[in-house]
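Coordinates from coords.cif are shown below (mmCIF, C-alpha atoms).
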```
data_data
#
loop_
_atom_site.group_PDB
_atom_site.id
_atom_site.type_symbol
_atom_site.label_atom_id
_atom_site.label_comp_id
_atom_site.auth_asym_id
_atom_site.auth_seq_id
_atom_site.Cartn_x
_atom_site.Cartn_y
_atom_site.Cartn_z
ATOM 1 C CA MET A 1 41.509 44.652 14.768
ATOM 2 C CA GLU A 2 40.518 43.689 11.208
ATOM 3 C CA THR A 3 38.483 40.755 12.548
ATOM 4 C CA ILE A 4 36.768 43.049 15.060
ATOM 5 C CA ALA A 5 36.000 45.486 12.259
ATOM 6 C CA LYS A 6 34.351 42.734 10.239
ATOM 7 C CA LEU A 7 32.283 41.504 13.183
ATOM 8 C CA PRO A 8 29.206 43.689 12.525
ATOM 9 C CA ARG A 9 29.052 42.466 8.919
ATOM 10 C CA LEU A 10 29.431 38.821 10.006
ATOM 11 C CA LEU A 11 26.682 39.215 12.582
ATOM 12 C CA ALA A 12 24.437 40.883 10.034
ATOM 13 C CA GLY A 13 24.979 38.013 7.591
ATOM 14 C CA PHE A 14 24.187 35.476 10.298
ATOM 15 C CA VAL A 15 20.994 37.307 11.241
ATOM 16 C CA LEU A 16 19.903 37.372 7.588
ATOM 17 C CA ALA A 17 20.589 33.630 7.258
ATOM 18 C CA MET A 18 18.663 32.694 10.401
ATOM 19 C CA PRO A 19 15.225 32.505 8.720
ATOM 20 C CA LEU A 20 16.621 30.161 6.065
ATOM 21 C CA LEU A 21 18.242 27.939 8.681
ATOM 22 C CA ALA A 22 15.074 27.913 10.751
ATOM 23 C CA HIS A 23 13.073 27.000 7.664
ATOM 24 C CA ALA A 24 15.349 24.045 6.873
ATOM 25 C CA GLU A 25 15.476 22.755 10.430
ATOM 26 C CA GLY A 26 11.907 23.622 11.412
ATOM 27 C CA ARG A 27 10.018 22.513 8.295
ATOM 28 C CA VAL A 28 7.571 19.723 9.044
ATOM 29 C CA VAL A 29 6.496 17.318 6.313
ATOM 30 C CA ARG A 30 3.471 15.249 7.283
ATOM 31 C CA VAL A 31 3.039 11.867 5.632
ATOM 32 C CA ILE A 32 -0.602 10.923 6.067
ATOM 33 C CA VAL A 33 -1.376 7.227 6.335
ATOM 34 C CA PRO A 34 -5.169 6.947 6.134
ATOM 35 C CA TYR A 35 -5.270 3.768 8.223
ATOM 36 C CA ALA A 36 -4.479 2.755 11.780
ATOM 37 C CA ALA A 37 -0.903 2.370 13.001
ATOM 38 C CA GLY A 38 0.767 -1.030 12.812
ATOM 39 C CA GLY A 39 -0.555 -2.223 9.473
ATOM 40 C CA ASN A 40 1.393 -2.974 6.316
ATOM 41 C CA ILE A 41 0.890 0.474 4.767
ATOM 42 C CA ASP A 42 1.877 2.199 8.007
ATOM 43 C CA SER A 43 5.032 0.111 8.454
ATOM 44 C CA ILE A 44 6.261 0.773 4.906
ATOM 45 C CA ALA A 45 5.480 4.484 5.233
ATOM 46 C CA ARG A 46 7.519 4.735 8.428
ATOM 47 C CA ALA A 47 10.556 3.019 6.891
ATOM 48 C CA TYR A 48 10.603 5.385 3.924
ATOM 49 C CA THR A 49 9.818 8.440 6.035
ATOM 50 C CA LYS A 50 12.820 7.745 8.263
ATOM 51 C CA HIS A 51 15.074 7.657 5.206
ATOM 52 C CA LEU A 52 13.567 10.846 3.757
ATOM 53 C CA ARG A 53 13.907 12.645 7.090
ATOM 54 C CA GLU A 54 17.655 11.976 6.982
ATOM 55 C CA THR A 55 17.964 12.837 3.288
ATOM 56 C CA PHE A 56 16.310 16.246 3.541
ATOM 57 C CA ASN A 57 17.313 17.056 7.126
ATOM 58 C CA GLU A 58 13.695 18.000 7.722
ATOM 59 C CA ASN A 59 11.171 16.908 10.299
ATOM 60 C CA TRP A 60 9.261 14.222 8.366
ATOM 61 C CA ILE A 61 6.564 12.563 10.464
ATOM 62 C CA VAL A 62 3.903 9.926 9.848
ATOM 63 C CA GLU A 63 0.371 10.740 10.955
ATOM 64 C CA ASN A 64 -2.279 8.023 11.061
ATOM 65 C CA VAL A 65 -5.619 9.571 10.159
ATOM 66 C CA SER A 66 -7.892 6.554 9.918
ATOM 67 C CA GLY A 67 -11.611 6.191 9.365
ATOM 68 C CA GLY A 68 -14.099 5.970 6.540
ATOM 69 C CA ASN A 69 -12.228 3.097 4.848
ATOM 70 C CA GLY A 70 -9.290 5.457 4.254
ATOM 71 C CA VAL A 71 -11.385 8.406 3.081
ATOM 72 C CA ILE A 72 -10.907 10.754 6.063
ATOM 73 C CA GLY A 73 -7.111 10.922 5.966
ATOM 74 C CA THR A 74 -6.987 10.927 2.178
ATOM 75 C CA GLU A 75 -9.394 13.867 1.938
ATOM 76 C CA ARG A 76 -7.149 15.805 4.300
ATOM 77 C CA VAL A 77 -4.303 15.524 1.784
ATOM 78 C CA ALA A 78 -6.557 16.356 -1.170
ATOM 79 C CA ARG A 79 -7.581 19.618 0.529
ATOM 80 C CA SER A 80 -4.056 20.586 1.657
ATOM 81 C CA ALA A 81 -1.866 23.253 0.083
ATOM 82 C CA PRO A 82 0.277 21.940 -2.805
ATOM 83 C CA ASP A 83 3.542 22.971 -1.148
ATOM 84 C CA GLY A 84 5.059 19.564 -0.309
ATOM 85 C CA ALA A 85 4.328 19.864 3.410
ATOM 86 C CA MET A 86 1.643 17.152 3.369
ATOM 87 C CA LEU A 87 1.800 13.916 1.398
ATOM 88 C CA LEU A 88 -0.271 10.760 1.206
ATOM 89 C CA PHE A 89 1.178 7.275 1.568
ATOM 90 C CA SER A 90 -1.163 4.494 0.535
ATOM 91 C CA ALA A 91 -1.631 1.467 -1.675
ATOM 92 C CA ASP A 92 -3.611 0.688 -4.843
ATOM 93 C CA VAL A 93 -6.774 0.776 -2.732
ATOM 94 C CA HIS A 94 -6.509 4.586 -2.842
ATOM 95 C CA SER A 95 -7.309 4.760 -6.558
ATOM 96 C CA MET A 96 -10.207 2.299 -6.245
ATOM 97 C CA ALA A 97 -12.176 4.320 -3.679
ATOM 98 C CA ARG A 98 -14.998 5.533 -5.920
ATOM 99 C CA LEU A 99 -15.578 2.044 -7.307
ATOM 100 C CA VAL A 100 -16.617 0.667 -3.921
ATOM 101 C CA ILE A 101 -17.506 3.611 -1.636
ATOM 102 C CA LYS A 102 -20.427 6.002 -2.093
ATOM 103 C CA ASN A 103 -19.996 9.768 -1.899
ATOM 104 C CA VAL A 104 -16.191 9.917 -1.838
ATOM 105 C CA PRO A 105 -15.513 13.672 -1.374
ATOM 106 C CA TYR A 106 -12.558 13.798 -3.785
ATOM 107 C CA ASP A 107 -11.450 12.280 -7.074
ATOM 108 C CA PRO A 108 -8.724 9.700 -6.241
ATOM 109 C CA ILE A 109 -7.023 10.313 -9.585
ATOM 110 C CA LYS A 110 -7.722 13.927 -10.610
ATOM 111 C CA ASP A 111 -7.166 15.460 -7.148
ATOM 112 C CA PHE A 112 -3.764 13.837 -6.506
ATOM 113 C CA GLN A 113 -0.290 14.080 -7.983
ATOM 114 C CA PRO A 114 1.550 10.726 -8.108
ATOM 115 C CA ILE A 115 5.111 11.181 -6.837
ATOM 116 C CA ALA A 116 6.614 7.694 -6.775
ATOM 117 C CA LEU A 117 5.712 4.062 -6.507
ATOM 118 C CA VAL A 118 8.142 2.687 -3.917
ATOM 119 C CA ALA A 119 7.196 -0.912 -3.066
ATOM 120 C CA GLU A 120 5.345 -3.904 -4.444
ATOM 121 C CA ALA A 121 4.264 -7.305 -3.193
ATOM 122 C CA PRO A 122 1.961 -10.105 -4.252
ATOM 123 C CA LEU A 123 -0.768 -11.358 -1.980
ATOM 124 C CA VAL A 124 -0.640 -14.678 -0.208
ATOM 125 C CA PHE A 125 -3.732 -16.871 -0.524
ATOM 126 C CA VAL A 126 -4.184 -18.303 2.954
ATOM 127 C CA VAL A 127 -6.776 -20.537 4.587
ATOM 128 C CA ASN A 128 -7.620 -21.481 8.141
ATOM 129 C CA ALA A 129 -5.484 -24.566 8.746
ATOM 130 C CA ARG A 130 -8.155 -26.417 10.733
ATOM 131 C CA ALA A 131 -11.207 -25.584 8.651
ATOM 132 C CA VAL A 132 -9.680 -26.254 5.224
ATOM 133 C CA ARG A 133 -7.974 -29.443 4.114
ATOM 134 C CA ALA A 134 -6.746 -28.300 0.673
ATOM 135 C CA LYS A 135 -3.013 -27.997 0.121
ATOM 136 C CA ASP A 136 -3.223 -26.007 -3.133
ATOM 137 C CA LEU A 137 -5.724 -23.922 -5.101
ATOM 138 C CA ARG A 138 -6.790 -26.823 -7.297
ATOM 139 C CA GLU A 139 -7.765 -28.878 -4.262
ATOM 140 C CA LEU A 140 -9.417 -25.842 -2.660
ATOM 141 C CA VAL A 141 -11.774 -25.336 -5.589
ATOM 142 C CA GLU A 142 -12.881 -28.982 -5.445
ATOM 143 C CA GLU A 143 -13.317 -28.768 -1.662
ATOM 144 C CA ILE A 144 -15.463 -25.623 -1.820
ATOM 145 C CA LYS A 145 -17.655 -27.076 -4.586
ATOM 146 C CA ARG A 146 -18.783 -29.798 -2.203
ATOM 147 C CA ASP A 147 -20.315 -27.253 0.215
ATOM 148 C CA GLU A 148 -19.954 -23.560 -0.701
ATOM 149 C CA LYS A 149 -21.821 -22.353 2.381
ATOM 150 C CA ARG A 150 -19.037 -23.552 4.691
ATOM 151 C CA TYR A 151 -16.540 -21.047 3.262
ATOM 152 C CA THR A 152 -16.203 -17.293 3.675
ATOM 153 C CA PHE A 153 -13.696 -14.748 2.401
ATOM 154 C CA GLY A 154 -12.306 -12.206 4.852
ATOM 155 C CA LEU A 155 -11.593 -8.794 3.291
ATOM 156 C CA SER A 156 -9.313 -6.180 4.799
ATOM 157 C CA GLY A 157 -11.572 -3.499 3.304
ATOM 158 C CA LEU A 158 -13.717 -2.683 0.313
ATOM 159 C CA GLY A 159 -11.581 -1.910 -2.724
ATOM 160 C CA SER A 160 -8.466 -3.328 -1.076
ATOM 161 C CA ALA A 161 -6.105 -5.775 -2.749
ATOM 162 C CA SER A 162 -7.613 -8.557 -0.617
ATOM 163 C CA HIS A 163 -11.060 -7.669 -1.996
ATOM 164 C CA LEU A 164 -9.713 -7.693 -5.545
ATOM 165 C CA GLY A 165 -8.021 -11.054 -5.011
ATOM 166 C CA ALA A 166 -11.242 -12.564 -3.677
ATOM 167 C CA GLU A 167 -13.266 -11.242 -6.623
ATOM 168 C CA ILE A 168 -10.764 -12.616 -9.138
ATOM 169 C CA PHE A 169 -10.845 -16.026 -7.424
ATOM 170 C CA LYS A 170 -14.658 -16.078 -7.520
ATOM 171 C CA SER A 171 -14.708 -14.979 -11.155
ATOM 172 C CA ARG A 172 -12.128 -17.556 -12.204
ATOM 173 C CA THR A 173 -13.866 -20.442 -10.427
ATOM 174 C CA GLY A 174 -17.548 -19.492 -10.607
ATOM 175 C CA LEU A 175 -17.844 -20.138 -6.871
ATOM 176 C CA ASP A 176 -20.239 -18.028 -4.827
ATOM 177 C CA VAL A 177 -18.344 -17.578 -1.562
ATOM 178 C CA LEU A 178 -19.688 -15.104 1.000
ATOM 179 C CA MET A 179 -17.446 -12.084 1.615
ATOM 180 C CA VAL A 180 -17.029 -10.414 4.997
ATOM 181 C CA ALA A 181 -15.487 -6.922 4.981
ATOM 182 C CA TYR A 182 -13.416 -5.712 7.931
ATOM 183 C CA ARG A 183 -11.908 -2.373 8.916
ATOM 184 C CA GLY A 184 -8.343 -3.317 8.185
ATOM 185 C CA THR A 185 -6.080 -6.310 7.702
ATOM 186 C CA GLY A 186 -5.522 -6.892 11.428
ATOM 187 C CA PRO A 187 -9.121 -7.669 12.406
ATOM 188 C CA ALA A 188 -9.623 -9.744 9.255
ATOM 189 C CA ILE A 189 -6.520 -11.899 9.692
ATOM 190 C CA ASN A 190 -7.323 -12.415 13.384
ATOM 191 C CA ASP A 191 -10.781 -13.713 12.505
ATOM 192 C CA LEU A 192 -9.267 -15.947 9.835
ATOM 193 C CA ALA A 193 -6.873 -17.457 12.381
ATOM 194 C CA GLY A 194 -9.785 -17.861 14.792
ATOM 195 C CA GLY A 195 -11.913 -19.691 12.235
ATOM 196 C CA HIS A 196 -14.626 -17.029 11.918
ATOM 197 C CA VAL A 197 -13.810 -16.776 8.193
ATOM 198 C CA THR A 198 -11.974 -19.426 6.205
ATOM 199 C CA LEU A 199 -10.196 -17.806 3.227
ATOM 200 C CA MET A 200 -8.236 -14.635 2.546
ATOM 201 C CA THR A 201 -5.782 -13.050 0.144
ATOM 202 C CA VAL A 202 -3.495 -10.873 2.233
ATOM 203 C CA PRO A 203 -0.064 -9.159 2.201
ATOM 204 C CA PRO A 204 2.778 -11.508 3.225
ATOM 205 C CA LEU A 205 3.688 -9.562 6.375
ATOM 206 C CA ALA A 206 0.254 -10.161 7.888
ATOM 207 C CA ALA A 207 0.006 -13.796 6.837
ATOM 208 C CA MET A 208 3.360 -15.486 7.255
ATOM 209 C CA PRO A 209 3.806 -15.303 11.062
ATOM 210 C CA LEU A 210 0.479 -17.149 11.428
ATOM 211 C CA VAL A 211 1.475 -19.585 8.693
ATOM 212 C CA HIS A 212 4.710 -20.371 10.533
ATOM 213 C CA ALA A 213 2.714 -20.792 13.751
ATOM 214 C CA GLY A 214 0.530 -23.419 12.039
ATOM 215 C CA ARG A 215 -2.718 -21.480 12.353
ATOM 216 C CA LEU A 216 -2.939 -20.621 8.655
ATOM 217 C CA ARG A 217 -1.874 -22.513 5.523
ATOM 218 C CA ALA A 218 -0.409 -20.641 2.540
ATOM 219 C CA LEU A 219 -1.597 -22.063 -0.772
ATOM 220 C CA ALA A 220 -0.078 -19.609 -3.238
ATOM 221 C CA VAL A 221 1.298 -16.167 -3.976
ATOM 222 C CA THR A 222 -0.552 -14.144 -6.593
ATOM 223 C CA ALA A 223 2.523 -13.475 -8.747
ATOM 224 C CA PRO A 224 4.076 -14.909 -11.899
ATOM 225 C CA GLN A 225 7.252 -15.836 -9.984
ATOM 226 C CA ARG A 226 7.874 -16.890 -6.404
ATOM 227 C CA PHE A 227 8.280 -13.925 -4.114
ATOM 228 C CA GLU A 228 11.695 -13.372 -2.526
ATOM 229 C CA GLY A 229 10.088 -12.736 0.857
ATOM 230 C CA THR A 230 8.165 -16.069 0.817
ATOM 231 C CA PRO A 231 10.343 -18.429 -1.258
ATOM 232 C CA ASP A 232 8.627 -21.599 0.018
ATOM 233 C CA VAL A 233 5.144 -20.536 -1.106
ATOM 234 C CA PRO A 234 4.314 -21.618 -4.692
ATOM 235 C CA THR A 235 2.914 -19.283 -7.320
ATOM 236 C CA ALA A 236 -0.772 -19.492 -8.205
ATOM 237 C CA ALA A 237 0.205 -21.241 -11.428
ATOM 238 C CA GLU A 238 2.189 -23.852 -9.476
ATOM 239 C CA SER A 239 -0.794 -24.231 -7.136
ATOM 240 C CA GLY A 240 -3.201 -24.974 -9.963
ATOM 241 C CA MET A 241 -4.507 -21.566 -11.100
ATOM 242 C CA PRO A 242 -2.339 -19.964 -13.810
ATOM 243 C CA GLY A 243 -3.016 -16.297 -14.492
ATOM 244 C CA PHE A 244 -4.268 -15.510 -10.987
ATOM 245 C CA GLU A 245 -2.114 -12.449 -10.356
ATOM 246 C CA VAL A 246 -2.595 -9.515 -7.991
ATOM 247 C CA ILE A 247 0.347 -7.252 -7.172
ATOM 248 C CA ASN A 248 -0.198 -4.705 -4.425
ATOM 249 C CA SER A 249 1.669 -1.443 -5.016
ATOM 250 C CA TYR A 250 2.537 1.242 -2.473
ATOM 251 C CA GLY A 251 3.463 4.835 -3.118
ATOM 252 C CA PHE A 252 3.457 8.533 -2.326
ATOM 253 C CA TRP A 253 0.972 11.081 -3.631
ATOM 254 C CA GLY A 254 0.680 14.817 -3.104
ATOM 255 C CA PRO A 255 -2.262 17.119 -3.686
ATOM 256 C CA ARG A 256 -2.720 18.074 -7.329
ATOM 257 C CA GLY A 257 -0.884 21.324 -8.034
ATOM 258 C CA LEU A 258 2.571 20.422 -6.728
ATOM 259 C CA ARG A 259 5.185 22.125 -8.881
ATOM 260 C CA ASP A 260 7.156 19.911 -11.258
ATOM 261 C CA ASP A 261 10.421 20.705 -9.498
ATOM 262 C CA GLN A 262 8.916 19.701 -6.140
ATOM 263 C CA VAL A 263 7.685 16.405 -7.557
ATOM 264 C CA ALA A 264 11.053 15.689 -9.175
ATOM 265 C CA ARG A 265 12.973 16.496 -5.977
ATOM 266 C CA LEU A 266 10.771 14.245 -3.846
ATOM 267 C CA SER A 267 10.676 11.408 -6.348
ATOM 268 C CA ASP A 268 14.450 11.394 -6.803
ATOM 269 C CA ALA A 269 14.952 11.090 -3.038
ATOM 270 C CA MET A 270 12.479 8.201 -3.000
ATOM 271 C CA ARG A 271 14.403 6.523 -5.822
ATOM 272 C CA LYS A 272 17.600 6.722 -3.780
ATOM 273 C CA ALA A 273 15.784 5.351 -0.729
ATOM 274 C CA ALA A 274 14.380 2.401 -2.703
ATOM 275 C CA ASN A 275 17.908 1.530 -3.839
ATOM 276 C CA ASP A 276 19.419 1.729 -0.358
ATOM 277 C CA PRO A 277 20.570 -1.784 0.700
ATOM 278 C CA GLU A 278 19.463 -1.345 4.312
ATOM 279 C CA LEU A 279 15.998 -0.165 3.311
ATOM 280 C CA LYS A 280 15.714 -2.995 0.774
ATOM 281 C CA ARG A 281 16.353 -5.489 3.586
ATOM 282 C CA ARG A 282 13.808 -3.715 5.763
ATOM 283 C CA MET A 283 11.208 -3.943 2.997
ATOM 284 C CA LEU A 284 11.725 -7.705 2.666
ATOM 285 C CA ASP A 285 11.283 -7.987 6.432
ATOM 286 C CA LEU A 286 7.921 -6.268 5.897
ATOM 287 C CA GLY A 287 6.953 -8.683 3.142
ATOM 288 C CA VAL A 288 7.381 -6.299 0.211
ATOM 289 C CA ALA A 289 10.056 -5.514 -2.370
ATOM 290 C CA ALA A 290 11.437 -1.980 -2.675
ATOM 291 C CA HIS A 291 10.697 -0.869 -6.227
ATOM 292 C CA TRP A 292 10.745 2.691 -7.577
ATOM 293 C CA GLU A 293 8.788 4.109 -10.487
ATOM 294 C CA SER A 294 8.881 7.706 -11.686
ATOM 295 C CA PRO A 295 5.870 10.028 -11.373
ATOM 296 C CA GLN A 296 5.050 9.454 -15.041
ATOM 297 C CA ALA A 297 5.341 5.662 -14.797
ATOM 298 C CA PHE A 298 3.388 5.652 -11.538
ATOM 299 C CA GLU A 299 0.569 7.677 -13.105
ATOM 300 C CA LYS A 300 0.400 5.251 -16.041
ATOM 301 C CA HIS A 301 0.387 2.321 -13.591
ATOM 302 C CA ILE A 302 -2.547 3.874 -11.705
ATOM 303 C CA GLN A 303 -4.580 4.342 -14.885
ATOM 304 C CA THR A 304 -3.858 0.794 -16.076
ATOM 305 C CA GLU A 305 -4.777 -0.775 -12.741
ATOM 306 C CA PHE A 306 -7.897 1.366 -12.404
ATOM 307 C CA THR A 307 -9.170 0.269 -15.824
ATOM 308 C CA ARG A 308 -8.420 -3.385 -15.120
ATOM 309 C CA ASN A 309 -9.910 -3.403 -11.633
ATOM 310 C CA ARG A 310 -13.027 -1.474 -12.639
ATOM 311 C CA ALA A 311 -13.757 -4.193 -15.206
ATOM 312 C CA ILE A 312 -13.274 -6.895 -12.545
ATOM 313 C CA TYR A 313 -15.613 -5.171 -10.075
ATOM 314 C CA GLU A 314 -18.243 -4.484 -12.735
ATOM 315 C CA LYS A 315 -18.187 -8.098 -13.864
ATOM 316 C CA ALA A 316 -18.577 -9.196 -10.241
ATOM 317 C CA GLY A 317 -21.492 -6.810 -9.740
ATOM 318 C CA VAL A 318 -19.656 -4.814 -7.073
ATOM 319 C CA LYS A 319 -21.246 -1.395 -6.520
ATOM 320 C CA PRO A 320 -20.319 1.483 -4.218
ATOM 321 C CA GLU A 321 -21.659 0.997 -0.693
#
```

For the structure just supplied, provide its representation as structure tokens.
Amino acid sequence: METIAKLPRLLAGFVLAMPLLAHAEGRVVRVIVPYAAGGNIDSIARAYTKHLRETFNENWIVENVSGGNGVIGTERVARSAPDGAMLLFSADVHSMARLVIKNVPYDPIKDFQPIALVAEAPLVFVVNARAVRAKDLRELVEEIKRDEKRYTFGLSGLGSASHLGAEIFKSRTGLDVLMVAYRGTGPAINDLAGGHVTLMTVPPLAAMPLVHAGRLRALAVTAPQRFEGTPDVPTAAESGMPGFEVINSYGFWGPRGLRDDQVARLSDAMRKAANDPELKRRMLDLGVAAHWESPQAFEKHIQTEFTRNRAIYEKAGVKPE
């Protein structure tokens, strides 16, 4: 009888709790990747999003909103409500947008709140195996000097890490190699393998399957130490060009205005994900290393890289197009 007497109160409590339960189970968090599905950025985003979905018991989904060299999807996040329901996942190219693209409708730094840097990787300097004879960067420079017009750099996009790597190579060597910009890594690497362009600096995931197939040759990684994901590829210093370093970083941003407690909650979950052994293995499979930095460290990293890369582009005469 006592249980029956309590039933109305129990039912009332359950009814009151229903909105909270619905909110937890029904909340959708959209992670916007401003590029097409299947690329490096998309693959890393999906691995982390899966982990975060399980951590928060929320419906985290990746949406690919491509176009405009990453601008269309990124603007969508910049204009979203700062409530944690929409985040951006991208790479260093995000912060470089205004250096290489005209009329960007947002400020890549002021309009976004860095949440966490979650992965890093060097680039791999690769060449078409049939068109280029050089086995290292030292030999490549001498080969190009004999006939610069035979060589072209493929770029995965303006302002991308591959663009930065190409500009640093040109600046270091004084070589005037034609650059060909593509709408993404996939089309660029396919044209490199097909011999339509001859050189490229590219994330390991995109390059190494074609290297193993014999269609491309890897000359170096742009890092001070050999990369765990490509242990057989020498560093740029070992390949004859010390100091040639480009590290591509990947991370999460939200719209500016996210509360401090929201940022801390999200970033802490991303820290735990980056330290998860299974996710670490998955990252190496994708050619990157899981690596977490706090919102404060990530923001400092962005400012440092922006200052450095702006100087490189200005020296190279790169202007927004």

Exercise for review: May I ask for the distance between atom CA of A:Ala166 and atom CA of A:Phe153, given in Å to one decimal place?
Suggested key: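 Computing it gives 6.9 Å between the two atoms.
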
**Study point:** Residues selected by the PyMOL selection byres ((chain A and resi 29) around 7), written as a list in words
**Key:** Arg27, Val28, Arg30, Val31, Asn59, Trp60, Ile61, Ala85 and Met86 of chain A

Practice item. Could you tell me which residues the PyMOL selection byres ((chain A and resi 62) around 12) grabs in this file, written as a ChimeraX atom specification? Key: /A:28-38,41-50,52-53,59-61,63-65,73,85-90

Practice item. Can you work out which one of A:Pro295, A:Gly243, A:Tyr182, A:Pro122 has the shortest atom-to-atom distance to A:Gln262, counting only C-alpha atoms? Key: A:Pro295

Check your understanding: A:Ile101, A:Leu205, A:Ile115, A:Ala78: which is nearest A:Lys300, counting all atoms listed in the file?
Key -> A:Ile115

Check your understanding: Just how far from atom CA of A:Thr201 is atom CA of A:Thr74, in Å to one decimal?
Key ->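 Value for the atom CA of A:Thr74-atom CA of A:Thr201 distance: 24.1 Å.
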
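With all atoms listed in the file as the atoms that count, the minimum distance from A:Glu75 to the choices A:Pro114, A:Gly254, A:Ala129, A:Gly229 is reached by A:Gly254.
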
Size and centre in Å, one decimal, axis-aligned box, all listed stretch 80-93 of chain A atoms plus 8 Å per side, as lines of an AutoDock Vina configuration file:
```
center_x = -0.9
center_y = 12.0
center_z = -0.7
size_x = 27.8
size_y = 38.6
size_z = 24.3
```

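Excluding A:Ser294 itself and any same-chain residue fewer than 3 positions from it, the protein and nucleic acid residues within 6 Å of it, counting only C-alpha atoms, are A:Ala116, A:Ala297, A:Phe298.
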
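Using only C-alpha atoms, the shortest contact distance between A:Gly165 and any of A:Leu123, A:Ala207, A:Ala181, A:Leu284 is found at A:Leu123.
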
Any chance you could work out the residue set of the PyMOL selection byres ((chain A and resi 314-319) around 12) here, as a tab-separated table (two decimals) with C-alpha atoms, keeping the file's coordinate frame?
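Ended up saving to part_29.tsv:
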```tsv
chain	number	residue	atom	x	y	z
A	96	MET	CA	-10.21	2.30	-6.24
A	97	ALA	CA	-12.18	4.32	-3.68
A	98	ARG	CA	-15.00	5.53	-5.92
A	99	LEU	CA	-15.58	2.04	-7.31
A	100	VAL	CA	-16.62	0.67	-3.92
A	101	ILE	CA	-17.51	3.61	-1.64
A	102	LYS	CA	-20.43	6.00	-2.09
A	158	LEU	CA	-13.72	-2.68	0.31
A	159	GLY	CA	-11.58	-1.91	-2.72
A	163	HIS	CA	-11.06	-7.67	-2.00
A	164	LEU	CA	-9.71	-7.69	-5.54
A	165	GLY	CA	-8.02	-11.05	-5.01
A	166	ALA	CA	-11.24	-12.56	-3.68
A	167	GLU	CA	-13.27	-11.24	-6.62
A	168	ILE	CA	-10.76	-12.62	-9.14
A	169	PHE	CA	-10.84	-16.03	-7.42
A	170	LYS	CA	-14.66	-16.08	-7.52
A	171	SER	CA	-14.71	-14.98	-11.16
A	172	ARG	CA	-12.13	-17.56	-12.20
A	174	GLY	CA	-17.55	-19.49	-10.61
A	175	LEU	CA	-17.84	-20.14	-6.87
A	176	ASP	CA	-20.24	-18.03	-4.83
A	179	MET	CA	-17.45	-12.08	1.62
A	306	PHE	CA	-7.90	1.37	-12.40
A	307	THR	CA	-9.17	0.27	-15.82
A	308	ARG	CA	-8.42	-3.38	-15.12
A	309	ASN	CA	-9.91	-3.40	-11.63
A	310	ARG	CA	-13.03	-1.47	-12.64
A	311	ALA	CA	-13.76	-4.19	-15.21
A	312	ILE	CA	-13.27	-6.90	-12.54
A	313	TYR	CA	-15.61	-5.17	-10.07
A	320	PRO	CA	-20.32	1.48	-4.22
A	321	GLU	CA	-21.66	1.00	-0.69
```

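The residue that comes closest to A:Ile72, out of A:Arg282, A:Arg130, A:Arg146, A:His94 and on the basis of only C-alpha atoms, is A:His94.
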
Exercise for review: Give the answer as one residue: which of A:His301, A:Arg138, A:Arg226, A:Arg215 has the shortest atom-to-atom distance to A:Tyr250, using all atoms listed in the file?
Suggested key: A:His301

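The space between atom CA of A:Asp268 and atom CA of A:Gly84 spans 14.0 Å.
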
Point to revise | Within 9 Å of A:Ser249 using all atoms listed in the file, minus same-chain residues under 6 positions, as a list in words | key: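 Skipping anything fewer than 6 positions along the chain leaves Ser90, Ala91, Asp92, Leu117, Val118, Ala119, Glu120, Ala121 and Pro122 of chain A.
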
Exercise for review: Compile the contact shell of A:Phe125 as a list in words: residues with an atom at most 7 Å away, counting only C-alpha atoms, same-chain residues fewer than 4 positions apart removed.
Suggested key: Met200, Thr201, Val202, Ala218, Leu219, Ala220 and Val221 of chain A
